[in-house]
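A short worksheet on the structure shown next.
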Amino acid sequence: MSLFVAQHQHTAETCPAGDPQMGPMLAQHVSVAGAEQFGVNLHGEAVLDGAHTLVLIVDAPERENVERFMAPFAQVGTVEISPASRCEAVVARAAC
């Protein structure tokens, strides 16, 4: 499993949180059970208040799993997926 940080950003005009259908669907999607359907383990999620930005920490066997999981968010904004490492791994290899 590889660690990734996935970030989604949208505008205030395309914000799905207030949509009576899309908001609840995305909330269910961003759950441990929802992520598992894509082979993704969800470690943490947060929305940056007022910034229309969602940040997820996940691991998955391949980046493609994360891309498929994040696909619904690409419909209303941008998605960035970055490979990441745990702090202890960075210290062990003595480099970020």
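In the structure tokens, each chain is lettered A, B, ... as it comes, each chain's residues begin at 1, and ligands are numbered from 1 in order of appearance.
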key: Within 12 Å of stretch 89-94 of chain A using only C-alpha atoms, minus same-chain residues under 4 positions, as an MDAnalysis selection string   = chainID A and resid 3 84:85
key: Spatial neighbours of stretch 59-75 of chain A, 6 Å, only C-alpha atoms, chain gap at least 4 places, as a ChimeraX atom specification   = /A:1-4,38,40-41,79
query = What does the distance from atom CA of A:Leu26 to atom CA of A:Gly50 come to in Å, to one decimal?
reply = 17.9 Å
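Straight-line separation from atom CA of A:Gly18 to atom CA of A:Val76: 12.9 Å.
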ask   = How many Å lie between atom CA of A:Glu36 and atom CA of A:Pro20, rounded to one decimal?
value =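 A separation of 24.4 Å between them.
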task = Could you give me the residues within chain A that DSSP places in alpha helix (DSSP H), as a ChimeraX atom specification?
result = /A:22-29,32-36,63-74,87-93
Written file, previous selection with C-alpha atoms, as a PDB file, in the first residue's frame:
```
ATOM      1  CA  MET A  22     -24.987  15.717  -4.127  1.00  0.00           C
ATOM      2  CA  GLY A  23     -24.007  16.801  -0.599  1.00  0.00           C
ATOM      3  CA  PRO A  24     -25.254  13.665   1.194  1.00  0.00           C
ATOM      4  CA  MET A  25     -23.948  11.415  -1.598  1.00  0.00           C
ATOM      5  CA  LEU A  26     -20.433  12.870  -1.304  1.00  0.00           C
ATOM      6  CA  ALA A  27     -20.543  12.672   2.501  1.00  0.00           C
ATOM      7  CA  GLN A  28     -21.318   8.968   2.233  1.00  0.00           C
ATOM      8  CA  HIS A  29     -18.637   8.562  -0.434  1.00  0.00           C
ATOM      9  CA  VAL A  32     -14.342   4.329   5.409  1.00  0.00           C
ATOM     10  CA  ALA A  33     -16.949   2.101   3.752  1.00  0.00           C
ATOM     11  CA  GLY A  34     -17.186   4.320   0.671  1.00  0.00           C
ATOM     12  CA  ALA A  35     -13.416   4.374   0.196  1.00  0.00           C
ATOM     13  CA  GLU A  36     -13.084   0.614   0.685  1.00  0.00           C
ATOM     14  CA  ARG A  63      -2.601   5.678  -7.564  1.00  0.00           C
ATOM     15  CA  GLU A  64      -5.354   4.622  -9.987  1.00  0.00           C
ATOM     16  CA  ASN A  65      -7.484   3.450  -7.049  1.00  0.00           C
ATOM     17  CA  VAL A  66      -7.309   6.941  -5.578  1.00  0.00           C
ATOM     18  CA  GLU A  67      -8.073   8.523  -8.962  1.00  0.00           C
ATOM     19  CA  ARG A  68     -11.222   6.405  -9.311  1.00  0.00           C
ATOM     20  CA  PHE A  69     -12.259   7.244  -5.751  1.00  0.00           C
ATOM     21  CA  MET A  70     -11.785  10.985  -6.353  1.00  0.00           C
ATOM     22  CA  ALA A  71     -13.567  11.007  -9.746  1.00  0.00           C
ATOM     23  CA  PRO A  72     -16.901  12.389  -8.395  1.00  0.00           C
ATOM     24  CA  PHE A  73     -15.071  15.447  -7.064  1.00  0.00           C
ATOM     25  CA  ALA A  74     -13.501  16.166 -10.448  1.00  0.00           C
ATOM     26  CA  CYS A  87       7.113  10.999   9.228  1.00  0.00           C
ATOM     27  CA  GLU A  88       8.983   7.953  10.511  1.00  0.00           C
ATOM     28  CA  ALA A  89       9.781   6.872   6.934  1.00  0.00           C
ATOM     29  CA  VAL A  90      11.157  10.308   6.105  1.00  0.00           C
ATOM     30  CA  VAL A  91      13.345  10.285   9.214  1.00  0.00           C
ATOM     31  CA  ALA A  92      14.531   6.734   8.501  1.00  0.00           C
ATOM     32  CA  ARG A  93      15.672   7.668   4.985  1.00  0.00           C
TER      33      ARG A  93
END
```
When you look at A:Asp49 with a cut-off of 12 Å (counting only C-alpha atoms), what residues show up, excluding the ones that are within fewer than 5 positions of it in the same chain? I need them as an mmCIF file with N, CA and C atoms, in the first residue's frame.
```
data_model
loop_
_atom_site.group_PDB
_atom_site.id
_atom_site.type_symbol
_atom_site.label_atom_id
_atom_site.label_comp_id
_atom_site.auth_asym_id
_atom_site.auth_seq_id
_atom_site.Cartn_x
_atom_site.Cartn_y
_atom_site.Cartn_z
ATOM 1 N N GLN A 9 -10.613 20.920 -4.753
ATOM 2 C CA GLN A 9 -11.014 22.311 -4.548
ATOM 3 C C GLN A 9 -12.069 22.681 -5.585
ATOM 4 N N ALA A 12 -17.135 28.605 -4.839
ATOM 5 C CA ALA A 12 -18.344 28.762 -4.033
ATOM 6 C C ALA A 12 -19.582 28.445 -4.868
ATOM 7 N N LEU A 54 -11.163 20.217 0.176
ATOM 8 C CA LEU A 54 -11.212 18.954 0.904
ATOM 9 C C LEU A 54 -9.836 18.306 0.814
ATOM 10 N N VAL A 55 -9.322 17.834 1.943
ATOM 11 C CA VAL A 55 -8.023 17.166 1.989
ATOM 12 C C VAL A 55 -8.229 15.778 2.594
#
```
message = I'd like to know which residues of chain A are strand (DSSP E) (by DSSP, run on the backbone); could you write them as a PyMOL selection string?
response = chain A and resi 2-9+41-48+53-60+78-84
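In terms of minimum interatomic distance to A:Ile81, A:Val58 ranks closest within A:Val58, A:Ala95, A:Thr14, A:Ala46, counting only C-alpha atoms.
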